[in-house]
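Raw contents of data35.tsv, TSV, C-alpha atoms and all ligand atoms:
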chain	number	residue	atom	x	y	z
A	73	MET	CA	0.00	0.00	0.00
A	74	GLN	CA	1.25	3.49	-0.76
A	75	ILE	CA	0.17	7.11	-0.76
A	76	THR	CA	1.61	10.26	-2.32
A	77	LEU	CA	1.20	13.41	-0.27
A	78	LYS	CA	1.50	16.66	-2.15
A	79	THR	CA	3.06	19.72	-0.50
A	80	PRO	CA	2.79	18.68	3.17
A	81	LEU	CA	2.49	21.68	5.48
A	82	ASP	CA	3.32	21.87	9.17
A	83	MET	CA	1.32	24.79	10.50
A	84	HIS	CA	3.03	24.90	13.93
A	85	LEU	CA	6.71	24.11	14.24
A	86	HIS	CA	9.59	24.91	16.60
A	87	LEU	CA	12.95	25.04	14.86
A	88	ARG	CA	14.92	26.75	17.65
A	89	ASP	CA	18.30	28.31	16.81
A	90	HIS	CA	22.05	27.66	16.71
A	91	GLU	CA	23.09	23.96	16.77
A	92	MET	CA	19.58	22.70	17.41
A	93	LEU	CA	18.38	24.54	14.30
A	94	GLN	CA	21.07	22.80	12.24
A	95	THR	CA	19.90	19.41	13.57
A	96	VAL	CA	16.14	19.77	13.25
A	97	ALA	CA	15.48	22.15	10.35
A	98	PRO	CA	16.63	19.77	7.58
A	99	LEU	CA	14.41	17.01	9.01
A	100	SER	CA	11.27	19.11	8.49
A	101	ALA	CA	12.50	20.69	5.27
A	102	GLU	CA	13.04	17.32	3.61
A	103	THR	CA	9.44	16.24	3.85
A	104	PHE	CA	7.42	19.43	4.30
A	105	SER	CA	6.97	22.19	1.73
A	106	ALA	CA	6.54	24.88	4.34
A	107	ALA	CA	5.91	25.41	8.03
A	108	ILE	CA	4.71	28.13	10.37
A	109	ILE	CA	7.77	28.85	12.48
A	110	MET	CA	7.19	29.62	16.15
A	111	PRO	CA	8.87	32.77	17.53
A	112	ASN	CA	9.58	31.63	21.12
A	113	LEU	CA	13.34	31.96	20.90
A	114	VAL	CA	15.40	33.49	23.70
A	115	PRO	CA	14.78	36.40	23.39
A	116	PRO	CA	11.54	36.04	21.39
A	117	VAL	CA	11.24	37.28	17.81
A	118	THR	CA	9.64	40.73	18.16
A	119	THR	CA	11.19	42.95	15.49
A	120	ILE	CA	11.18	42.91	11.70
A	121	GLU	CA	14.98	42.70	11.71
A	122	GLU	CA	14.82	39.62	13.95
A	123	VAL	CA	12.22	37.98	11.68
A	124	ILE	CA	14.38	38.55	8.62
A	125	ALA	CA	17.58	37.37	10.32
A	126	TYR	CA	15.91	34.23	11.76
A	127	LYS	CA	14.41	33.42	8.37
A	128	GLU	CA	17.87	33.69	6.82
A	129	ARG	CA	19.35	31.34	9.41
A	130	ILE	CA	16.56	28.84	8.72
A	131	SER	CA	17.04	29.11	4.96
A	132	LYS	CA	20.76	28.54	5.39
A	133	ALA	CA	20.14	25.49	7.59
A	134	THR	CA	17.70	24.00	5.07
A	135	GLY	CA	19.88	24.67	2.01
A	136	ASN	CA	18.37	23.47	-1.24
A	137	LEU	CA	15.57	21.41	0.29
A	138	ASN	CA	12.89	23.64	-1.20
A	139	PHE	CA	11.31	24.65	2.09
A	140	ASP	CA	9.43	27.84	2.82
A	141	PRO	CA	9.68	29.04	6.44
A	142	LEU	CA	6.50	31.01	7.16
A	143	MET	CA	7.58	33.44	9.83
A	144	THR	CA	5.74	34.72	12.89
A	145	LEU	CA	6.21	37.51	15.39
A	146	PHE	CA	5.81	37.00	19.14
A	147	PHE	CA	2.68	38.98	20.07
A	148	LYS	CA	3.28	42.19	22.01
A	149	ASN	CA	0.40	44.48	22.86
A	150	ASP	CA	2.36	47.59	21.96
A	151	TYR	CA	2.83	46.82	18.24
A	152	SER	CA	1.66	49.91	16.35
A	153	TYR	CA	-0.43	49.89	13.18
A	154	ASP	CA	2.53	51.19	11.18
A	155	PHE	CA	4.86	48.56	12.56
A	156	LEU	CA	2.38	45.80	11.72
A	157	LYS	CA	1.84	47.22	8.24
A	158	GLN	CA	5.57	46.98	7.59
A	159	ALA	CA	5.86	43.58	9.27
A	160	LYS	CA	3.09	42.08	7.14
A	161	ALA	CA	5.43	41.61	4.17
A	162	HIS	CA	7.69	39.38	6.27
A	163	ILE	CA	5.31	37.32	8.39
A	164	THR	CA	2.41	34.93	7.93
A	165	ALA	CA	0.93	35.24	11.42
A	166	ILE	CA	1.49	36.50	14.96
A	167	LYS	CA	1.69	34.09	17.88
A	168	LEU	CA	0.17	35.05	21.20
A	169	TYR	CA	1.35	33.36	24.39
A	170	PRO	CA	-0.18	33.95	27.81
A	171	ALA	CA	2.74	35.13	29.98
A	172	GLY	CA	4.77	32.26	31.42
A	173	ILE	CA	2.46	29.50	30.19
A	174	THR	CA	5.08	27.48	28.33
A	175	THR	CA	8.68	27.40	27.07
A	176	ASN	CA	10.14	30.91	26.65
A	177	SER	CA	6.82	32.72	27.01
A	178	GLU	CA	7.69	34.89	30.02
A	179	SER	CA	7.19	38.10	28.04
A	180	GLY	CA	3.77	37.03	26.76
A	181	VAL	CA	0.46	38.72	27.55
A	182	SER	CA	-0.66	38.72	31.18
A	183	SER	CA	-4.23	39.84	30.63
A	184	ILE	CA	-5.94	38.42	27.57
A	185	ASP	CA	-9.29	40.04	26.92
A	186	SER	CA	-10.74	41.75	23.92
A	187	GLU	CA	-10.60	45.28	25.40
A	188	ASN	CA	-7.04	45.09	26.65
A	189	LEU	CA	-5.82	43.98	23.22
A	190	ARG	CA	-8.11	46.22	21.14
A	191	HIS	CA	-5.54	48.43	19.47
A	192	THR	CA	-3.35	45.57	18.26
A	193	LEU	CA	-6.17	43.23	17.30
A	194	GLU	CA	-8.00	45.92	15.33
A	195	ALA	CA	-4.81	46.60	13.40
A	196	MET	CA	-4.29	42.89	12.75
A	197	SER	CA	-7.92	42.51	11.59
A	198	GLU	CA	-7.57	45.39	9.19
A	199	LEU	CA	-4.23	44.17	7.87
A	200	GLU	CA	-5.53	40.58	7.67
A	201	ILE	CA	-2.76	39.11	9.81
A	202	PRO	CA	-3.89	35.84	11.41
A	203	LEU	CA	-3.56	35.44	15.18
A	204	CYS	CA	-2.26	32.10	16.46
A	205	ILE	CA	-2.92	31.52	20.15
A	206	HIS	CA	-1.54	29.17	22.78
A	207	GLY	CA	-4.84	28.86	24.60
A	208	GLU	CA	-4.25	27.93	28.22
A	209	THR	CA	-5.04	29.71	31.49
A	210	ASP	CA	-2.89	29.28	34.58
A	211	GLY	CA	-5.53	27.10	36.24
A	212	PHE	CA	-5.39	23.39	37.11
A	213	VAL	CA	-3.32	21.72	34.41
A	214	MET	CA	-6.12	19.49	33.05
A	215	ASP	CA	-8.56	22.44	32.87
A	216	ARG	CA	-6.33	25.11	31.39
A	217	GLU	CA	-7.48	24.76	27.80
A	218	LYS	CA	-11.14	24.30	28.73
A	219	GLU	CA	-10.94	27.51	30.78
A	220	PHE	CA	-9.46	29.33	27.81
A	221	VAL	CA	-12.35	28.52	25.44
A	222	PRO	CA	-14.47	31.50	26.63
A	223	ILE	CA	-11.47	33.73	25.91
A	224	TYR	CA	-11.23	32.35	22.37
A	225	GLU	CA	-14.94	32.98	21.96
A	226	ASP	CA	-14.74	36.53	23.33
A	227	LEU	CA	-11.96	37.35	20.88
A	228	ALA	CA	-13.73	35.64	17.97
A	229	LYS	CA	-16.96	37.58	18.62
A	230	ASN	CA	-15.30	40.94	19.15
A	231	TYR	CA	-13.00	40.68	16.14
A	232	PRO	CA	-15.09	38.95	13.48
A	233	ASN	CA	-12.59	39.87	10.76
A	234	LEU	CA	-9.63	38.43	12.63
A	235	LYS	CA	-8.62	34.90	11.71
A	236	ILE	CA	-7.91	33.15	15.01
A	237	ILE	CA	-6.10	29.84	15.12
A	238	MET	CA	-6.48	27.81	18.30
A	239	GLU	CA	-3.09	26.15	18.37
A	240	HIS	CA	-2.52	22.49	19.25
A	241	ILE	CA	-6.02	21.88	20.60
A	242	THR	CA	-6.35	19.00	23.04
A	243	THR	CA	-9.94	19.02	24.23
A	244	LYS	CA	-13.47	18.25	23.15
A	245	ASP	CA	-14.42	21.78	24.31
A	246	SER	CA	-12.11	23.40	21.77
A	247	VAL	CA	-13.36	21.13	19.00
A	248	GLU	CA	-16.93	22.16	19.80
A	249	ALA	CA	-16.04	25.87	19.76
A	250	LEU	CA	-14.76	25.57	16.17
A	251	ASP	CA	-18.21	25.41	14.64
A	252	ARG	CA	-19.64	28.22	16.74
A	253	HIS	CA	-17.49	30.97	15.19
A	254	PRO	CA	-16.70	31.40	11.50
A	255	ASN	CA	-13.31	32.96	12.28
A	256	LEU	CA	-12.01	30.21	14.62
A	257	TYR	CA	-9.68	27.56	13.23
A	258	ALA	CA	-7.38	24.99	14.84
A	259	THR	CA	-4.17	23.09	14.46
A	260	ILE	CA	-3.90	19.55	15.79
A	261	THR	CA	-0.65	17.78	16.59
A	262	LEU	CA	0.23	14.17	15.88
A	263	HIS	CA	0.88	13.33	19.52
A	264	HIS	CA	-2.49	14.61	20.71
A	265	LEU	CA	-4.17	12.30	18.20
A	266	LEU	CA	-2.28	9.35	19.66
A	267	ILE	CA	-1.83	9.71	23.40
A	268	THR	CA	-3.77	10.56	26.54
A	269	LEU	CA	-2.50	11.50	29.99
A	270	ASP	CA	-2.36	7.76	30.70
A	271	ASP	CA	0.51	7.41	28.22
A	272	VAL	CA	2.41	10.27	29.85
A	273	ALA	CA	1.90	9.55	33.52
A	274	GLY	CA	-0.33	6.48	33.90
A	275	GLY	CA	2.59	4.09	34.25
A	276	MET	CA	6.29	4.93	34.36
A	277	LEU	CA	6.62	8.66	33.67
A	278	LYS	CA	7.42	9.33	30.00
A	279	PRO	CA	9.30	12.62	29.76
A	280	HIS	CA	9.47	12.51	25.96
A	281	LEU	CA	5.66	12.65	25.85
A	282	PHE	CA	5.41	15.58	28.25
A	283	CYS	CA	4.22	18.70	26.48
A	284	LYS	CA	2.01	21.75	26.86
A	285	PRO	CA	-0.91	21.51	26.64
A	286	ILE	CA	-0.66	18.15	28.40
A	287	ALA	CA	-2.43	15.23	26.70
A	288	LYS	CA	-5.95	14.89	28.09
A	289	ARG	CA	-8.73	12.31	28.42
A	290	TYR	CA	-9.91	9.57	26.04
A	291	GLU	CA	-13.04	11.52	25.09
A	292	ASP	CA	-10.86	14.50	24.19
A	293	ARG	CA	-8.63	12.39	21.96
A	294	GLU	CA	-11.75	10.92	20.31
A	295	ALA	CA	-13.06	14.40	19.52
A	296	LEU	CA	-9.72	15.44	18.02
A	297	LEU	CA	-9.47	12.23	16.00
A	298	LYS	CA	-12.94	12.70	14.60
A	299	VAL	CA	-12.27	16.15	13.13
A	300	ALA	CA	-8.77	15.22	11.95
A	301	LEU	CA	-9.83	12.00	10.25
A	302	GLU	CA	-12.75	13.66	8.52
A	303	ALA	CA	-10.40	16.53	7.62
A	304	HIS	CA	-12.87	19.07	8.97
A	305	PRO	CA	-12.18	22.17	6.84
A	306	LYS	CA	-11.30	24.31	9.87
A	307	VAL	CA	-8.57	22.02	11.16
A	308	MET	CA	-5.06	21.53	9.85
A	309	PHE	CA	-1.95	19.68	10.86
A	310	GLY	CA	0.50	21.52	13.10
A	311	SER	CA	3.05	19.16	14.63
A	312	ASP	CA	4.16	21.43	17.49
A	313	SER	CA	7.33	19.40	17.11
A	314	ALA	CA	9.30	20.94	19.96
A	315	PRO	CA	12.84	19.58	20.32
A	316	HIS	CA	14.79	19.85	23.54
A	317	PRO	CA	18.21	18.30	24.23
A	318	GLN	CA	17.98	14.84	25.81
A	319	HIS	CA	19.44	16.13	29.09
A	320	ALA	CA	16.66	18.74	29.37
A	321	LYS	CA	13.95	16.11	28.89
A	322	GLU	CA	15.44	13.36	31.05
A	323	ALA	CA	15.83	15.66	34.01
A	324	CYS	CA	14.34	16.65	37.30
A	325	GLY	CA	12.28	19.50	35.81
A	326	CYS	CA	11.49	18.13	32.35
A	327	ALA	CA	11.16	20.61	29.48
A	328	ALA	CA	7.79	20.47	27.66
A	329	GLY	CA	7.74	19.32	24.05
A	330	VAL	CA	7.47	16.22	21.88
A	331	PHE	CA	9.85	15.90	18.95
A	332	THR	CA	7.84	14.44	16.07
A	333	ALA	CA	9.12	16.16	12.93
A	334	PRO	CA	11.03	13.17	11.45
A	335	ILE	CA	8.20	10.68	11.92
A	336	ALA	CA	5.09	12.82	11.53
A	337	LEU	CA	4.08	11.89	7.99
A	338	GLN	CA	4.76	8.17	8.43
A	339	VAL	CA	2.75	7.94	11.64
A	340	LEU	CA	-0.09	10.05	10.24
A	341	ALA	CA	-0.29	7.65	7.29
A	342	GLU	CA	-0.51	4.73	9.71
A	343	LEU	CA	-3.17	6.45	11.80
A	344	PHE	CA	-5.36	7.44	8.84
A	345	GLU	CA	-4.94	3.98	7.29
A	346	THR	CA	-5.94	2.25	10.53
A	347	HIS	CA	-9.17	4.24	10.46
A	348	ASN	CA	-9.73	3.72	6.73
A	349	LYS	CA	-9.39	7.45	6.11
A	350	LEU	CA	-6.22	7.65	4.04
A	351	ASP	CA	-8.15	9.58	1.38
A	352	ASN	CA	-8.60	12.46	3.83
A	353	LEU	CA	-4.94	12.82	4.77
A	354	GLN	CA	-4.13	15.15	1.87
A	355	SER	CA	-6.68	17.68	3.12
A	356	PHE	CA	-5.52	17.45	6.71
A	357	ILE	CA	-1.84	17.71	5.83
A	358	SER	CA	-2.03	20.48	3.24
A	359	ASP	CA	-5.23	21.45	1.43
A	360	ASN	CA	-7.12	22.79	4.44
A	361	ALA	CA	-4.18	24.93	5.53
A	362	GLN	CA	-3.76	26.32	2.01
A	363	LYS	CA	-7.35	27.52	2.08
A	364	ILE	CA	-7.27	28.84	5.63
A	365	TYR	CA	-4.03	30.77	5.14
A	366	HIS	CA	-4.57	31.60	1.42
A	367	TYR	CA	-1.19	30.05	0.76
A	368	THR	CA	0.04	28.16	-2.30
A	369	PRO	CA	3.14	26.05	-1.66
A	370	SER	CA	5.71	25.27	-4.30
A	371	PRO	CA	5.55	21.67	-5.53
A	372	LYS	CA	6.83	18.79	-3.42
A	373	ALA	CA	5.68	15.18	-3.32
A	374	VAL	CA	6.30	12.59	-0.63
A	375	VAL	CA	5.66	8.94	-1.35
A	376	LEU	CA	4.95	6.79	1.68
A	377	GLU	CA	4.68	3.02	1.72
A	378	LYS	CA	3.41	0.56	4.26
A	379	LYS	CA	6.83	-0.83	5.03
A	380	PRO	CA	8.44	-0.95	8.50
A	381	PHE	CA	10.84	1.79	9.56
A	382	THR	CA	12.90	1.72	12.74
A	383	VAL	CA	12.98	5.19	14.26
A	384	PRO	CA	16.51	6.27	15.29
A	385	GLU	CA	17.18	6.47	19.03
A	386	THR	CA	18.31	10.08	18.64
A	387	TYR	CA	18.85	12.78	16.05
A	388	ASP	CA	22.08	14.26	17.44
A	389	ASN	CA	21.08	14.96	21.04
A	390	VAL	CA	17.29	14.97	20.52
A	391	VAL	CA	15.08	11.96	21.21
A	392	PRO	CA	12.17	11.60	18.78
A	393	MET	CA	8.76	10.14	19.54
A	394	TYR	CA	8.91	6.34	18.99
A	395	ALA	CA	12.71	6.35	19.46
A	396	GLY	CA	14.10	2.89	18.70
A	397	GLU	CA	10.66	1.52	17.82
A	398	GLU	CA	9.40	0.14	14.55
A	399	ILE	CA	6.64	2.10	12.83
A	400	ALA	CA	4.55	0.68	10.00
A	401	TRP	CA	5.05	3.22	7.25
A	402	SER	CA	8.20	4.58	5.58
A	403	ILE	CA	8.99	7.43	3.25
A	404	THR	CA	10.20	5.86	0.03
A	405	SER	CA	10.66	8.81	-2.26
A	406	LEU	CA	10.79	12.59	-2.22
A	407	SER	CA	10.52	14.93	-5.17
A	501	LIG	O1	5.22	21.39	24.74
A	501	LIG	C1	5.44	22.50	24.30
A	501	LIG	N1	6.67	22.87	23.89
A	501	LIG	N2	4.44	23.38	24.22
A	501	LIG	C2	4.63	24.65	23.89
A	501	LIG	O2	3.70	25.40	23.89
A	501	LIG	C3	5.99	25.16	23.60
A	501	LIG	C4	6.88	24.09	23.19
A	501	LIG	C5	8.33	24.50	23.22
A	501	LIG	O3	8.65	25.55	22.67
A	501	LIG	O4	9.13	23.75	23.77
A	502	ZN	ZN	4.34	25.17	20.04
Here is a file; write its structure as structure tokens.
Amino acid sequence: MQITLKTPLDMHLHLRDHEMLQTVAPLSAETFSAAIIMPNLVPPVTTIEEVIAYKERISKATGNLNFDPLMTLFFKNDYSYDFLKQAKAHITAIKLYPAGITTNSESGVSSIDSENLRHTLEAMSELEIPLCIHGETDGFVMDREKEFVPIYEDLAKNYPNLKIIMEHITTKDSVEALDRHPNLYATITLHHLLITLDDVAGGMLKPHLFCKPIAKRYEDREALLKVALEAHPKVMFGSDSAPHPQHAKEACGCAAGVFTAPIALQVLAELFETHNKLDNLQSFISDNAQKIYHYTPSPKAVVLEKKPFTVPETYDNVVPMYAGEEIAWSITSLS
């Protein structure tokens, strides 16, 4: 059995910087046509100069792999209309983090409500710059995303012309909110389609599956699977592949993030095949995102075959999901 995926897109990706960038960027660039690049570097990407320089470093690290890094700015509430107008030529979206909610988000927004953010969100609406949001409160860890849904809805109602992407959704509540607002969209990761909290902490603790938002309940995973497998037009694939060095994951104080970039397409093929939905994978992996973001990628084709592949234990010092395990599908050709 085989499938050809055209122009795979990863609509939420962490490529980091320096040595880590050199390790991970080629792995995404080989198999994906483009990706939305997260801005949570240290310090975060907040100026046009930083966007341009980071994009150049990514392009250098990905060489001739025909990969388009779609850049983002780290949301600050003091961006002026004129700044955003200039920035628009260099970015695809702006990523909003609640302050301190996840890796390198300390300088995020501490009060997220539609009034507090009015000036910036009105400018973004007018300039048609999509807003990507890490939607978690600082409440009890299993309820953080659920508690954020009313905030998504408040923003969606108050800024009907703003395209809002609920990033890496993990709950049934977020899935249900999608259809209530025409301007709400979502990315879904691979790992949240596969695991629940049981896989992370139900037996021996699995640091390589620890991420934010944390994987939730079975009914949440079911709800995510349903919209992904049917390729609901408002959802798209965003891996949230978030590499950390092995020593930072296997530590007392484990960094959040699952590194899935090198195995994402193979495991998605297996998942969609298992559910008899392989025909919908093209929409989930590329077509929906193209429509949502009005983006046309340059050609790339990835042929996958149902043929076992043993996942490497590490890529340099980063441990991927399924490290050392055999997965059912392989990539057999790239063009
Ligand atoms: O698990 C995560 N890792 N979630 C995030 O929101 C950030 C990411 C990272 O940058 O490591
Ligand atoms: Zn992320």
Check every protein, DNA and RNA residue against ligand ZN 502 (chain A), keep those with an atom at most 8 Å away (counting all atoms listed in the file), and present them as a PyMOL selection string. chain A and resi 84-86+110+206+239-240+284+312-314+329
Please return the centre and edge lengths, in Å to one decimal, of a box with edges along x, y and z that contains all listed atoms of ligand LIG 501 (chain A), widened by 4 Å on every side, as AutoDock Vina command-line options.
--center_x 6.4 --center_y 23.5 --center_z 23.7 --size_x 13.4 --size_y 12.2 --size_z 10.1
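Across A:Leu203, A:Leu77, A:Leu93, A:Ile130, the tightest approach to A:Phe147 is made by A:Leu203 when counting all atoms listed in the file.
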Please list as a PDB file with C-alpha atoms, keeping the file's coordinate frame every residue within 12 Å of A:Asn112, counting only C-alpha atoms and excluding residues in the same chain fewer than 6 positions away.
ATOM      1  CA  HIS A  84       3.030  24.900  13.930  1.00  0.00           C
ATOM      2  CA  LEU A  85       6.710  24.110  14.240  1.00  0.00           C
ATOM      3  CA  HIS A  86       9.590  24.910  16.600  1.00  0.00           C
ATOM      4  CA  LEU A  87      12.950  25.040  14.860  1.00  0.00           C
ATOM      5  CA  ARG A  88      14.920  26.750  17.650  1.00  0.00           C
ATOM      6  CA  ASP A  89      18.300  28.310  16.810  1.00  0.00           C
ATOM      7  CA  THR A 118       9.640  40.730  18.160  1.00  0.00           C
ATOM      8  CA  GLU A 122      14.820  39.620  13.950  1.00  0.00           C
ATOM      9  CA  VAL A 123      12.220  37.980  11.680  1.00  0.00           C
ATOM     10  CA  TYR A 126      15.910  34.230  11.760  1.00  0.00           C
ATOM     11  CA  MET A 143       7.580  33.440   9.830  1.00  0.00           C
ATOM     12  CA  THR A 144       5.740  34.720  12.890  1.00  0.00           C
ATOM     13  CA  LEU A 145       6.210  37.510  15.390  1.00  0.00           C
ATOM     14  CA  PHE A 146       5.810  37.000  19.140  1.00  0.00           C
ATOM     15  CA  PHE A 147       2.680  38.980  20.070  1.00  0.00           C
ATOM     16  CA  ILE A 166       1.490  36.500  14.960  1.00  0.00           C
ATOM     17  CA  LYS A 167       1.690  34.090  17.880  1.00  0.00           C
ATOM     18  CA  LEU A 168       0.170  35.050  21.200  1.00  0.00           C
ATOM     19  CA  TYR A 169       1.350  33.360  24.390  1.00  0.00           C
ATOM     20  CA  ALA A 171       2.740  35.130  29.980  1.00  0.00           C
ATOM     21  CA  GLY A 172       4.770  32.260  31.420  1.00  0.00           C
ATOM     22  CA  ILE A 173       2.460  29.500  30.190  1.00  0.00           C
ATOM     23  CA  THR A 174       5.080  27.480  28.330  1.00  0.00           C
ATOM     24  CA  THR A 175       8.680  27.400  27.070  1.00  0.00           C
ATOM     25  CA  ASN A 176      10.140  30.910  26.650  1.00  0.00           C
ATOM     26  CA  SER A 177       6.820  32.720  27.010  1.00  0.00           C
ATOM     27  CA  GLU A 178       7.690  34.890  30.020  1.00  0.00           C
ATOM     28  CA  SER A 179       7.190  38.100  28.040  1.00  0.00           C
ATOM     29  CA  GLY A 180       3.770  37.030  26.760  1.00  0.00           C
ATOM     30  CA  HIS A 206      -1.540  29.170  22.780  1.00  0.00           C
ATOM     31  CA  ALA A 314       9.300  20.940  19.960  1.00  0.00           C
TER      32      ALA A 314
END
Which one is closest to ligand LIG 501 (chain A): A:Phe309, A:Tyr367, A:Phe282, A:Trp401? Count only C-alpha atoms and all ligand atoms. A:Phe282
Pick the closest to ligand LIG 501 (chain A) from A:Ile75, A:Ala228, A:Met308, A:Val330: which is it, counting only C-alpha atoms and all ligand atoms? A:Val330
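Using only C-alpha atoms and all ligand atoms for every distance, the candidate list A:Tyr394, A:Phe344, A:Phe331, A:Phe356 yields A:Phe331 as the residue closest to ligand LIG 501 (chain A).
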For a cutoff of 9 Å around the file-coordinate point (4.7, 6.8, 7.6), which residues qualify once you count all atoms listed in the file? I'd like the result as JSON, numbers by chain. {"A": [335, 336, 337, 338, 339, 340, 341, 342, 343, 376, 377, 378, 379, 380, 381, 399, 400, 401, 402, 403]}
Those same residues, written as a short mmCIF file (atom, residue, chain, number, x, y, z; two decimals), keeping the file's coordinate frame with C-alpha atoms?
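For reference, part.cif as written:
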data_model
loop_
_atom_site.label_atom_id
_atom_site.label_comp_id
_atom_site.auth_asym_id
_atom_site.auth_seq_id
_atom_site.Cartn_x
_atom_site.Cartn_y
_atom_site.Cartn_z
CA ILE A 335 8.20 10.68 11.92
CA ALA A 336 5.09 12.82 11.53
CA LEU A 337 4.08 11.89 7.99
CA GLN A 338 4.76 8.17 8.43
CA VAL A 339 2.75 7.94 11.64
CA LEU A 340 -0.09 10.05 10.24
CA ALA A 341 -0.29 7.65 7.29
CA GLU A 342 -0.51 4.73 9.71
CA LEU A 343 -3.17 6.45 11.80
CA LEU A 376 4.95 6.79 1.68
CA GLU A 377 4.68 3.02 1.72
CA LYS A 378 3.41 0.56 4.26
CA LYS A 379 6.83 -0.83 5.03
CA PRO A 380 8.44 -0.95 8.50
CA PHE A 381 10.84 1.79 9.56
CA ILE A 399 6.64 2.10 12.83
CA ALA A 400 4.55 0.68 10.00
CA TRP A 401 5.05 3.22 7.25
CA SER A 402 8.20 4.58 5.58
CA ILE A 403 8.99 7.43 3.25
#
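The space separating atom CA of A:Asp140 from atom CA of A:Ala107 comes to 6.7 Å.
Using only C-alpha atoms and all ligand atoms, the nearest neighbour of ligand LIG 501 (chain A) within the list A:Glu217, A:Glu194, A:Asp270, A:Glu200 is A:Glu217.
Between ligand LIG 501 (chain A) and the candidates A:Ile364, A:Leu301, A:Leu193, A:Leu113, the tightest atom-to-atom separation, counting only C-alpha atoms and all ligand atoms, involves A:Leu113.
Our summary of the geometry notes that atom CA of A:Leu296 is positioned 18.9 Å from atom N1 of ligand LIG 501 (chain A).
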Would you list the residues near (21.2, 26.3, 13.1), meaning any protein, DNA or RNA residue with an atom at most 12 Å from that point in file coordinates, counting all atoms listed in the file, as a ChimeraX atom specification? /A:87-98,125-135
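The interatomic distance for the pair atom CA of A:Leu406 and atom CA of A:Glu102 works out to 7.8 Å.
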Spatial neighbours of A:Leu199, 12 Å, all atoms listed in the file, chain gap at least 5 places, as a ChimeraX atom specification: /A:152-161,163-166,192-194,233-235
